[in-house]
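Colleague: I'm passing along input.cif; it holds mmCIF, C-alpha atoms and all ligand atoms.
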```cif
data_final
loop_
_atom_site.label_atom_id
_atom_site.label_comp_id
_atom_site.auth_asym_id
_atom_site.auth_seq_id
_atom_site.Cartn_x
_atom_site.Cartn_y
_atom_site.Cartn_z
CA MET U 1 14.35 17.24 -24.48
CA LYS U 2 12.12 14.45 -23.21
CA LEU U 3 11.68 11.31 -25.32
CA SER U 4 8.86 8.85 -24.73
CA TYR U 5 7.27 6.20 -26.93
CA CYS U 6 4.32 3.88 -27.34
CA PRO U 7 4.54 0.49 -29.10
CA TYR U 8 1.35 -0.23 -31.03
CA SER U 9 -0.07 -2.50 -33.75
CA LEU U 10 -2.04 -1.18 -36.70
CA GLU U 11 -4.69 -3.77 -37.59
CA PHE U 12 -5.78 -4.23 -41.19
CA LYS U 13 -9.41 -4.02 -42.21
CA HIS U 14 -8.67 -6.98 -44.50
CA PRO U 15 -5.78 -9.50 -44.27
CA PHE U 16 -3.03 -8.12 -46.48
CA GLY U 17 -1.85 -10.49 -49.24
CA LEU U 18 1.67 -10.02 -50.65
CA ALA U 19 3.96 -12.05 -52.90
CA TYR U 20 5.66 -13.29 -49.71
CA GLY U 21 2.74 -14.03 -47.40
CA THR U 22 -0.35 -12.67 -45.68
CA ARG U 23 -0.47 -10.34 -42.68
CA THR U 24 -3.24 -9.07 -40.38
CA LYS U 25 -1.32 -6.25 -38.62
CA THR U 26 1.82 -4.11 -38.77
CA ASP U 27 3.71 -3.16 -35.62
CA VAL U 28 4.60 0.50 -35.19
CA VAL U 29 6.19 2.62 -32.45
CA PHE U 30 4.86 6.13 -31.84
CA ILE U 31 7.39 8.64 -30.56
CA LYS U 32 6.86 11.81 -28.52
CA LEU U 33 9.54 14.49 -28.12
CA GLU U 34 8.97 17.38 -25.73
CA SER U 35 11.10 20.49 -25.36
CA ASP U 36 10.61 24.11 -24.29
CA GLY U 37 6.84 23.63 -24.05
CA PHE U 38 6.44 22.10 -27.54
CA VAL U 39 5.56 18.50 -28.45
CA GLY U 40 6.58 16.62 -31.61
CA TYR U 41 5.24 13.25 -32.74
CA GLY U 42 6.85 10.59 -34.88
CA GLU U 43 6.17 7.05 -36.01
CA SER U 44 8.29 4.04 -36.95
CA SER U 45 6.42 1.45 -39.02
CA LEU U 46 7.85 -2.06 -39.00
CA PRO U 47 6.83 -4.41 -41.81
CA PRO U 48 8.66 -7.68 -40.95
CA TYR U 49 10.58 -7.88 -44.25
CA LEU U 50 12.67 -4.84 -43.25
CA GLY U 51 13.91 -6.63 -40.15
CA GLU U 52 13.00 -4.05 -37.50
CA SER U 53 10.67 -4.77 -34.58
CA HIS U 54 9.20 -3.20 -31.45
CA GLU U 55 12.26 -4.49 -29.58
CA SER U 56 14.84 -3.09 -32.01
CA VAL U 57 13.17 0.33 -32.20
CA ILE U 58 12.88 0.54 -28.41
CA ALA U 59 16.55 -0.44 -28.07
CA PHE U 60 17.49 2.34 -30.50
CA LEU U 61 15.29 4.90 -28.70
CA ASN U 62 16.80 3.91 -25.36
CA LYS U 63 20.20 4.63 -26.87
CA ALA U 64 18.97 8.05 -28.09
CA LYS U 65 17.31 8.94 -24.80
CA PRO U 66 20.34 9.95 -22.66
CA PHE U 67 21.70 11.97 -25.59
CA LEU U 68 18.41 13.79 -26.22
CA GLU U 69 17.89 14.50 -22.51
CA LYS U 70 20.92 16.77 -22.66
CA GLN U 71 19.47 18.78 -25.60
CA ASP U 72 16.89 21.50 -26.04
CA LEU U 73 15.64 23.47 -29.06
CA SER U 74 18.82 25.53 -29.11
CA SER U 75 20.78 22.36 -30.07
CA GLY U 76 19.53 22.88 -33.63
CA HIS U 77 17.44 20.54 -35.70
CA GLY U 78 20.15 19.75 -38.25
CA ASN U 79 22.73 18.81 -35.60
CA LEU U 80 20.33 16.50 -33.80
CA THR U 81 19.34 14.73 -37.03
CA ILE U 82 23.00 14.07 -37.80
CA GLU U 83 23.85 12.92 -34.26
CA ILE U 84 20.93 10.50 -34.18
CA HIS U 85 22.23 8.83 -37.34
CA LYS U 86 25.53 8.19 -35.61
CA LEU U 87 23.95 6.25 -32.73
CA ALA U 88 23.76 2.96 -34.67
CA GLU U 89 23.97 1.49 -38.18
CA ASN U 90 20.75 0.61 -40.02
CA ASN U 91 17.60 0.98 -37.82
CA ASN U 92 16.11 3.01 -40.69
CA ALA U 93 12.51 3.01 -39.48
CA ALA U 94 13.59 3.88 -35.92
CA LYS U 95 15.63 6.78 -37.30
CA ALA U 96 12.70 7.85 -39.49
CA GLY U 97 10.43 7.95 -36.45
CA LEU U 98 12.82 10.24 -34.59
CA ASP U 99 13.49 12.34 -37.70
CA ILE U 100 9.73 12.89 -38.08
CA ALA U 101 9.29 13.79 -34.39
CA LEU U 102 12.19 16.27 -34.57
CA HIS U 103 10.71 17.92 -37.68
CA ASP U 104 7.30 18.16 -35.99
CA LEU U 105 8.83 19.63 -32.83
CA TYR U 106 11.05 22.24 -34.50
CA SER U 107 8.35 23.31 -37.01
CA LYS U 108 5.85 23.82 -34.19
CA SER U 109 8.39 25.85 -32.21
CA GLN U 110 8.40 28.30 -35.12
CA ASP U 111 4.63 28.01 -35.70
CA LYS U 112 5.28 26.64 -39.18
CA LYS U 113 4.16 23.58 -41.07
CA VAL U 114 6.93 21.06 -41.65
CA TRP U 115 7.21 21.85 -45.36
CA GLU U 116 7.43 25.58 -44.62
CA TYR U 117 10.04 25.02 -41.95
CA LEU U 118 12.15 23.00 -44.41
CA GLY U 119 11.61 25.36 -47.34
CA PHE U 120 9.93 22.64 -49.44
CA GLU U 121 7.49 23.45 -52.22
CA LYS U 122 3.92 23.66 -50.94
CA PRO U 123 2.34 20.17 -50.86
CA VAL U 124 -0.26 19.47 -53.53
CA ALA U 125 -3.33 17.36 -52.77
CA LYS U 126 -2.91 14.63 -55.40
CA ASN U 127 -4.86 11.46 -56.04
CA THR U 128 -3.40 8.68 -53.96
CA SER U 129 -3.56 5.11 -55.10
CA VAL U 130 -5.23 2.74 -52.66
CA THR U 131 -4.35 -0.93 -52.31
CA ILE U 132 -6.93 -3.62 -53.00
CA SER U 133 -5.73 -6.51 -50.84
CA ILE U 134 -5.95 -9.79 -52.70
CA GLY U 135 -7.18 -12.89 -50.96
CA ASP U 136 -10.46 -14.42 -52.02
CA LEU U 137 -11.15 -13.26 -55.60
CA ASN U 138 -14.88 -13.31 -54.81
CA LEU U 139 -14.33 -10.36 -52.45
CA ILE U 140 -12.81 -8.13 -55.16
CA PRO U 141 -16.10 -6.40 -56.11
CA GLN U 142 -16.74 -5.60 -52.42
CA LYS U 143 -13.20 -4.28 -51.93
CA ILE U 144 -13.45 -2.08 -55.03
CA GLU U 145 -16.75 -0.73 -53.74
CA GLU U 146 -15.18 0.10 -50.36
CA VAL U 147 -12.61 2.40 -52.00
CA ASN U 148 -15.08 4.05 -54.32
CA ASP U 149 -13.80 7.54 -53.35
CA PHE U 150 -10.33 6.80 -54.72
CA HIS U 151 -9.34 7.24 -58.36
CA ILE U 152 -6.26 5.00 -58.62
CA LEU U 153 -6.15 1.38 -57.47
CA LYS U 154 -3.00 -0.47 -56.46
CA VAL U 155 -2.74 -4.23 -56.71
CA LYS U 156 -0.10 -6.57 -55.39
CA LEU U 157 0.87 -9.28 -57.87
CA GLY U 158 3.56 -11.95 -57.92
CA SER U 159 1.38 -15.02 -57.40
CA GLU U 160 0.18 -17.84 -59.68
CA SER U 161 -3.07 -16.02 -60.39
CA ASP U 162 -1.82 -12.58 -61.52
CA LYS U 163 -3.74 -12.47 -64.81
CA GLU U 164 -6.91 -13.75 -63.16
CA ILE U 165 -6.63 -11.02 -60.49
CA ILE U 166 -6.28 -8.24 -63.10
CA GLU U 167 -9.07 -9.66 -65.24
CA THR U 168 -11.35 -9.85 -62.20
CA ILE U 169 -10.59 -6.23 -61.21
CA ARG U 170 -11.22 -5.09 -64.77
CA LYS U 171 -14.70 -6.64 -64.70
CA TYR U 172 -15.65 -4.19 -61.93
CA SER U 173 -13.47 -1.11 -62.45
CA ASP U 174 -11.77 0.74 -65.29
CA LYS U 175 -9.82 3.08 -62.95
CA PRO U 176 -6.06 3.44 -63.53
CA LEU U 177 -4.08 0.70 -61.80
CA VAL U 178 -0.67 0.62 -60.16
CA VAL U 179 0.88 -2.84 -60.12
CA ASP U 180 3.36 -3.96 -57.45
CA ALA U 181 4.98 -7.35 -58.08
CA ASN U 182 6.97 -7.17 -54.82
CA GLN U 183 9.92 -9.04 -56.46
CA GLY U 184 7.50 -11.85 -57.31
CA TRP U 185 8.44 -12.35 -60.98
CA LYS U 186 11.67 -14.28 -60.80
CA GLU U 187 12.91 -14.14 -64.40
CA LYS U 188 13.41 -11.21 -66.79
CA ASN U 189 11.60 -12.68 -69.85
CA PHE U 190 8.59 -13.54 -67.72
CA ALA U 191 8.61 -10.06 -66.12
CA LEU U 192 8.67 -8.38 -69.54
CA GLU U 193 5.92 -10.68 -70.81
CA MET U 194 3.75 -9.71 -67.82
CA ILE U 195 4.45 -5.98 -68.31
CA ASN U 196 3.60 -6.25 -72.00
CA TRP U 197 0.37 -8.03 -71.09
CA LEU U 198 -0.47 -5.24 -68.59
CA SER U 199 0.40 -2.43 -71.00
CA ASP U 200 -3.04 -2.11 -72.59
CA LYS U 201 -4.89 -2.40 -69.28
CA ASN U 202 -4.60 1.20 -68.07
CA VAL U 203 -1.65 0.52 -65.74
CA LEU U 204 0.37 3.61 -64.65
CA PHE U 205 3.55 1.80 -63.62
CA VAL U 206 4.94 -1.52 -62.43
CA GLU U 207 6.75 -1.63 -59.11
CA GLN U 208 9.64 -4.00 -58.32
CA PRO U 209 9.05 -6.69 -60.94
CA LEU U 210 12.23 -8.68 -60.15
CA PRO U 211 14.19 -9.61 -57.01
CA LYS U 212 15.85 -6.50 -55.60
CA GLU U 213 19.45 -7.41 -56.43
CA ASN U 214 18.79 -8.28 -60.12
CA LEU U 215 19.75 -4.85 -61.45
CA ASP U 216 21.26 -6.04 -64.75
CA ASP U 217 18.12 -8.02 -65.59
CA MET U 218 16.04 -5.07 -64.43
CA ALA U 219 17.90 -2.73 -66.81
CA TRP U 220 17.14 -5.20 -69.63
CA VAL U 221 13.43 -5.15 -68.71
CA THR U 222 13.25 -1.36 -68.32
CA GLU U 223 14.89 -0.79 -71.71
CA ARG U 224 12.11 -2.83 -73.34
CA SER U 225 9.22 -2.01 -71.02
CA PRO U 226 6.19 -0.14 -72.40
CA LEU U 227 5.39 0.97 -68.81
CA PRO U 228 7.52 2.86 -66.26
CA THR U 229 9.32 0.54 -63.84
CA ILE U 230 9.65 1.71 -60.23
CA ALA U 231 12.18 0.52 -57.64
CA ASP U 232 10.86 -0.20 -54.18
CA GLU U 233 12.75 -3.01 -52.41
CA SER U 234 15.87 -2.16 -54.50
CA VAL U 235 16.17 1.35 -53.04
CA LYS U 236 16.17 2.41 -49.41
CA VAL U 237 18.62 5.34 -49.16
CA LEU U 238 20.38 7.72 -51.55
CA SER U 239 23.33 5.39 -52.19
CA ASP U 240 20.86 2.72 -53.43
CA ALA U 241 19.20 5.28 -55.71
CA GLU U 242 22.61 5.96 -57.26
CA ARG U 243 22.99 2.23 -58.05
CA VAL U 244 19.67 1.86 -59.88
CA VAL U 245 20.04 4.65 -62.45
CA GLY U 246 19.38 2.94 -65.78
CA ALA U 247 17.80 -0.11 -64.14
CA PHE U 248 14.46 1.51 -63.30
CA SER U 249 12.42 4.46 -64.61
CA GLY U 250 11.89 5.76 -61.09
CA ILE U 251 11.86 5.23 -57.35
CA ASN U 252 9.26 4.58 -54.70
CA LEU U 253 10.40 6.81 -51.86
CA LYS U 254 9.32 5.79 -48.36
CA LEU U 255 10.35 7.55 -45.16
CA MET U 256 10.64 4.24 -43.26
CA LYS U 257 13.20 2.94 -45.75
CA CYS U 258 15.25 6.11 -46.12
CA THR U 259 15.51 7.23 -42.42
CA GLY U 260 13.16 10.22 -42.73
CA LEU U 261 12.57 13.60 -44.33
CA HIS U 262 16.20 14.68 -44.30
CA GLU U 263 17.37 11.80 -46.52
CA ALA U 264 14.10 11.90 -48.50
CA LYS U 265 14.87 15.38 -49.78
CA ARG U 266 18.34 14.30 -50.86
CA ILE U 267 16.79 11.41 -52.83
CA ILE U 268 14.24 13.79 -54.38
CA ASP U 269 16.99 16.14 -55.54
CA PHE U 270 18.89 13.18 -56.98
CA CYS U 271 15.80 11.92 -58.85
CA LYS U 272 15.26 15.36 -60.32
CA ALA U 273 18.88 15.59 -61.49
CA LYS U 274 18.78 12.08 -63.05
CA LYS U 275 15.26 12.44 -64.47
CA LEU U 276 14.00 9.53 -62.42
CA LYS U 277 10.25 9.39 -61.74
CA LEU U 278 9.17 9.66 -58.13
CA ASN U 279 6.41 7.86 -56.31
CA VAL U 280 5.91 8.97 -52.70
CA GLY U 281 4.81 5.82 -50.91
CA CYS U 282 4.35 4.41 -47.44
CA MET U 283 4.29 1.31 -45.29
CA THR U 284 1.25 0.58 -43.17
CA GLU U 285 1.32 3.86 -41.28
CA SER U 286 -1.07 5.95 -39.24
CA SER U 287 -1.93 9.57 -40.05
CA CYS U 288 1.22 10.58 -38.14
CA ALA U 289 3.87 9.22 -40.56
CA ILE U 290 1.59 9.76 -43.56
CA SER U 291 1.41 13.47 -42.72
CA ALA U 292 5.19 13.55 -42.82
CA ALA U 293 5.30 11.86 -46.24
CA ALA U 294 2.54 14.18 -47.49
CA GLN U 295 4.93 17.13 -46.99
CA LEU U 296 6.68 15.82 -50.15
CA THR U 297 3.77 15.59 -52.58
CA ALA U 298 4.81 18.66 -54.61
CA TYR U 299 7.76 16.62 -55.89
CA ALA U 300 5.84 13.42 -56.70
CA ASP U 301 4.80 12.07 -60.08
CA TRP U 302 2.54 9.67 -58.19
CA VAL U 303 1.36 9.43 -54.60
CA ASP U 304 0.69 6.19 -52.77
CA LEU U 305 -0.21 7.28 -49.24
CA ASP U 306 -3.12 5.03 -48.39
CA GLY U 307 -1.79 3.62 -45.06
CA PRO U 308 -4.49 4.97 -42.73
CA THR U 309 -7.29 3.89 -45.07
CA LEU U 310 -6.23 0.24 -44.77
CA VAL U 311 -6.31 0.04 -40.98
CA LYS U 312 -9.17 -0.03 -38.48
CA ASN U 313 -7.36 1.54 -35.48
CA ASN U 314 -5.54 4.68 -36.71
CA PRO U 315 -4.86 6.54 -33.43
CA PHE U 316 -3.88 9.91 -34.96
CA SER U 317 -6.15 12.56 -36.44
CA GLY U 318 -5.02 15.31 -38.78
CA ILE U 319 -4.97 14.36 -42.41
CA GLU U 320 -8.12 13.72 -44.36
CA TYR U 321 -8.94 11.79 -47.48
CA LYS U 322 -11.25 13.81 -49.68
CA ASN U 323 -12.34 12.60 -53.09
CA GLY U 324 -9.31 10.26 -53.19
CA LYS U 325 -6.77 12.94 -52.28
CA VAL U 326 -4.66 13.26 -49.11
CA GLU U 327 -5.12 16.66 -47.47
CA LEU U 328 -2.95 17.97 -44.64
CA SER U 329 -4.55 19.79 -41.73
CA ASP U 330 -4.04 23.51 -41.12
CA LEU U 331 -2.20 22.99 -37.81
CA PRO U 332 1.54 23.69 -37.53
CA GLY U 333 4.15 20.92 -37.67
CA LEU U 334 2.79 17.70 -39.12
CA GLY U 335 -0.68 18.86 -38.12
CA VAL U 336 -1.58 15.65 -36.28
CA LEU U 337 -2.84 14.84 -32.78
CA PRO U 338 -2.90 11.46 -30.98
CA ASN U 339 -6.09 10.18 -29.41
CA SER U 340 -6.16 9.76 -25.64
CA GLU U 341 -5.75 5.96 -25.89
CA LEU U 342 -2.02 6.29 -26.66
CA GLN U 343 0.06 6.04 -23.50
CA PHE U 344 3.59 7.32 -23.99
CA SER U 345 6.22 6.31 -21.45
MG MG W 1 6.14 -1.97 -53.10
#
```
Translate this structure into structure tokens?

Modeller:
Amino acid sequence: MKLSYCPYSLEFKHPFGLAYGTRTKTDVVFIKLESDGFVGYGESSLPPYLGESHESVIAFLNKAKPFLEKQDLSSGHGNLTIEIHKLAENNNAAKAGLDIALHDLYSKSQDKKVWEYLGFEKPVAKNTSVTISIGDLNLIPQKIEEVNDFHILKVKLGSESDKEIIETIRKYSDKPLVVDANQGWKEKNFALEMINWLSDKNVLFVEQPLPKENLDDMAWVTERSPLPTIADESVKVLSDAERVVGAFSGINLKLMKCTGLHEAKRIIDFCKAKKLKLNVGCMTESSCAISAAAQLTAYADWVDLDGPTLVKNNPFSGIEYKNGKVELSDLPGLGVLPNSELQFS
């Protein structure tokens, strides 16, 4: 099995405002795995707050390389996924990138789509929310206009001007909103007050109102909240999901947090058993990693897979956004292809 990779930066169409700062790009590493005449692609997306970087992903891949070179398709997909996890602690996005590439490779070797190969329910093209980046409030009408095709808007709150932002959006759009506070409301009474204020403004759910470790306060808020509360920063992997039962109404599942499709399905099964709501979300990702996440849409209460729509240099083709829905291509595997600009080495 031959492993190669390509560090890259996805550049935002608009600077991306969050409760903890503004960004203009997200670094990613694209991964290529070749074996027995088949090629699989993967992607690790690296928002700085998760602590991974081009350097850390490349270091992890260089550790995986000598191991993978000794393997071929007969090694078995499940074995390889497990062995890769043993190479190092953490490195969740790096592991996710390899997990995605392995799924793409093995599915293609059987001429199946990834969801078919894994025995998942057939993906459903659902409305995805799309993030309106908040900077200059005067640009809000233009930004709403730009995403006219989409039926659910997502807004990042957690700043001084939260109510002003919502009121401005509501002057120009009555579409359902998803609110992400990104841990920006520091105190439980304030968080509940904000959720109550949002509750008659056609908001579907509120993501990560409080700092990620405040689970007791979060349980207090959720018990009183008129809107579903969704854990994002509080939950990366299955063991985190087990800790937040009772503290949140549901989970925002992201492949980059959870190490890939293998762990994602375990979290999905757990959510189903515990009656937790499920949002399938993403980091800033190209069509490559988004196609992997879109394999899971049958299980989602909500879908937030807008990554490629926010960037101006998506180097993979495959998925399409039609009338606000994410649609997978008809090709086997993930169904994506890189453009010729990507140089893997
Ligand atoms: Mg979030």

Colleague: Rank U:Gly119, U:Pro47, U:Gly318, U:Pro338 by their smallest atom-to-atom distance to ligand MG 1 (chain W), using all atoms listed in the file, and report the top residue only.

Modeller: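 Checking each candidate against ligand MG 1 (chain W), we get U:Pro47 as the closest.
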
Colleague: From the options U:Gly250, U:Gly307, U:Pro48, U:Gly97, which residue's atoms come nearest to Ala64 of chain U, counting only C-alpha atoms?

Modeller: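 Among U:Gly250, U:Gly307, U:Pro48, U:Gly97, it is U:Gly97 that comes nearest to Ala64 of chain U.
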
Colleague: At a cut-off of 6 Å around ligand MG 1 (chain W), and using only C-alpha atoms and all ligand atoms, what residues come up? Please write them as a PyMOL selection string.

Modeller: chain U and resi 180+182+232

Colleague: Which residue out of U:Leu105, U:Ile84, U:Ala298, U:Ile169 has the minimum interatomic distance to Lys126 of chain U when only C-alpha atoms are used?

Modeller: U:Ala298

Colleague: So that I can check the surroundings of Val326 of chain U, please list as a PDB file with C-alpha atoms, in the coordinates of the input every protein, DNA and RNA residue that reaches within 8 Å of it, counting all atoms listed in the file and ignoring chain neighbours fewer than 6 positions away.

Modeller:
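Dumped everything to out_26.pdb:
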```
ATOM      1  CA  ALA U 125      -3.330  17.360 -52.770  1.00  0.00           C
ATOM      2  CA  LYS U 126      -2.910  14.630 -55.400  1.00  0.00           C
ATOM      3  CA  ASN U 127      -4.860  11.460 -56.040  1.00  0.00           C
ATOM      4  CA  THR U 128      -3.400   8.680 -53.960  1.00  0.00           C
ATOM      5  CA  ALA U 294       2.540  14.180 -47.490  1.00  0.00           C
ATOM      6  CA  LEU U 305      -0.210   7.280 -49.240  1.00  0.00           C
ATOM      7  CA  ILE U 319      -4.970  14.360 -42.410  1.00  0.00           C
ATOM      8  CA  GLU U 320      -8.120  13.720 -44.360  1.00  0.00           C
TER       9      GLU U 320
END
```

Colleague: Quick one: distance from atom CA of Ser129 of chain U to atom CA of Pro308 of chain U in Å, one decimal?

Modeller: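 Between atom CA of Ser129 of chain U and atom CA of Pro308 of chain U the gap is 12.4 Å.
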
Colleague: Please rebuild segment 317-327 of chain U with all heavy atoms and give the result as an mmCIF file, in the coordinates of the input.

Modeller:
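Result saved to part.cif:
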```cif
data_model
loop_
_atom_site.group_PDB
_atom_site.id
_atom_site.type_symbol
_atom_site.label_atom_id
_atom_site.label_comp_id
_atom_site.auth_asym_id
_atom_site.auth_seq_id
_atom_site.Cartn_x
_atom_site.Cartn_y
_atom_site.Cartn_z
ATOM 1 N N SER U 317 -5.298 11.795 -35.531
ATOM 2 C CA SER U 317 -6.150 12.560 -36.440
ATOM 3 C C SER U 317 -5.316 13.675 -37.046
ATOM 4 O O SER U 317 -4.266 14.037 -36.505
ATOM 5 C CB SER U 317 -7.336 13.151 -35.677
ATOM 6 O OG SER U 317 -6.841 14.009 -34.672
ATOM 7 N N GLY U 318 -5.749 14.208 -38.146
ATOM 8 C CA GLY U 318 -5.020 15.310 -38.780
ATOM 9 C C GLY U 318 -5.270 15.329 -40.261
ATOM 10 O O GLY U 318 -5.954 16.210 -40.753
ATOM 11 N N ILE U 319 -4.731 14.339 -40.976
ATOM 12 C CA ILE U 319 -4.970 14.360 -42.410
ATOM 13 C C ILE U 319 -6.372 13.844 -42.726
ATOM 14 O O ILE U 319 -6.983 13.136 -41.941
ATOM 15 C CB ILE U 319 -3.952 13.499 -43.195
ATOM 16 C CG1 ILE U 319 -3.907 12.084 -42.646
ATOM 17 C CG2 ILE U 319 -2.624 14.148 -43.259
ATOM 18 C CD1 ILE U 319 -3.313 11.127 -43.651
ATOM 19 N N GLU U 320 -6.828 14.226 -43.911
ATOM 20 C CA GLU U 320 -8.120 13.720 -44.360
ATOM 21 C C GLU U 320 -8.005 13.240 -45.787
ATOM 22 O O GLU U 320 -7.197 13.758 -46.566
ATOM 23 C CB GLU U 320 -9.154 14.847 -44.300
ATOM 24 C CG GLU U 320 -9.681 15.071 -42.902
ATOM 25 C CD GLU U 320 -10.879 15.996 -42.927
ATOM 26 O OE1 GLU U 320 -11.931 15.602 -43.469
ATOM 27 O OE2 GLU U 320 -10.729 17.118 -42.427
ATOM 28 N N TYR U 321 -8.830 12.268 -46.101
ATOM 29 C CA TYR U 321 -8.940 11.790 -47.480
ATOM 30 C C TYR U 321 -10.232 12.351 -48.050
ATOM 31 O O TYR U 321 -11.312 12.047 -47.554
ATOM 32 C CB TYR U 321 -8.935 10.263 -47.521
ATOM 33 C CG TYR U 321 -7.588 9.692 -47.148
ATOM 34 C CD1 TYR U 321 -7.258 9.453 -45.826
ATOM 35 C CD2 TYR U 321 -6.625 9.453 -48.127
ATOM 36 C CE1 TYR U 321 -6.006 8.967 -45.474
ATOM 37 C CE2 TYR U 321 -5.375 8.969 -47.788
ATOM 38 C CZ TYR U 321 -5.073 8.725 -46.463
ATOM 39 O OH TYR U 321 -3.837 8.252 -46.129
ATOM 40 N N LYS U 322 -10.067 13.213 -49.070
ATOM 41 C CA LYS U 322 -11.250 13.810 -49.680
ATOM 42 C C LYS U 322 -11.217 13.550 -51.173
ATOM 43 O O LYS U 322 -10.233 13.913 -51.835
ATOM 44 C CB LYS U 322 -11.266 15.331 -49.445
ATOM 45 C CG LYS U 322 -11.660 15.720 -48.036
ATOM 46 C CD LYS U 322 -11.801 17.240 -47.926
ATOM 47 C CE LYS U 322 -11.837 17.654 -46.464
ATOM 48 N NZ LYS U 322 -11.390 19.045 -46.284
ATOM 49 N N ASN U 323 -12.243 12.901 -51.662
ATOM 50 C CA ASN U 323 -12.340 12.600 -53.090
ATOM 51 C C ASN U 323 -11.046 11.945 -53.598
ATOM 52 O O ASN U 323 -10.535 12.271 -54.665
ATOM 53 C CB ASN U 323 -12.660 13.891 -53.866
ATOM 54 C CG ASN U 323 -12.972 13.608 -55.325
ATOM 55 O OD1 ASN U 323 -13.368 12.489 -55.671
ATOM 56 N ND2 ASN U 323 -12.773 14.592 -56.183
ATOM 57 N N GLY U 324 -10.489 11.032 -52.766
ATOM 58 C CA GLY U 324 -9.310 10.260 -53.190
ATOM 59 C C GLY U 324 -7.980 10.984 -53.040
ATOM 60 O O GLY U 324 -6.942 10.473 -53.460
ATOM 61 N N LYS U 325 -8.013 12.180 -52.454
ATOM 62 C CA LYS U 325 -6.770 12.940 -52.280
ATOM 63 C C LYS U 325 -6.417 13.051 -50.796
ATOM 64 O O LYS U 325 -7.304 13.120 -49.965
ATOM 65 C CB LYS U 325 -6.930 14.359 -52.852
ATOM 66 C CG LYS U 325 -7.145 14.386 -54.354
ATOM 67 C CD LYS U 325 -7.348 15.811 -54.832
ATOM 68 C CE LYS U 325 -7.246 15.929 -56.340
ATOM 69 N NZ LYS U 325 -8.309 15.216 -57.071
ATOM 70 N N VAL U 326 -5.097 13.082 -50.501
ATOM 71 C CA VAL U 326 -4.660 13.260 -49.110
ATOM 72 C C VAL U 326 -4.534 14.755 -48.841
ATOM 73 O O VAL U 326 -3.808 15.444 -49.553
ATOM 74 C CB VAL U 326 -3.230 12.712 -48.871
ATOM 75 C CG1 VAL U 326 -2.989 12.412 -47.406
ATOM 76 C CG2 VAL U 326 -2.936 11.542 -49.747
ATOM 77 N N GLU U 327 -5.210 15.237 -47.808
ATOM 78 C CA GLU U 327 -5.120 16.660 -47.470
ATOM 79 C C GLU U 327 -4.567 16.837 -46.069
ATOM 80 O O GLU U 327 -5.061 16.238 -45.118
ATOM 81 C CB GLU U 327 -6.497 17.319 -47.590
ATOM 82 C CG GLU U 327 -6.965 17.375 -49.030
ATOM 83 C CD GLU U 327 -8.213 18.221 -49.206
ATOM 84 O OE1 GLU U 327 -8.559 19.006 -48.299
ATOM 85 O OE2 GLU U 327 -8.839 18.069 -50.268
#
```
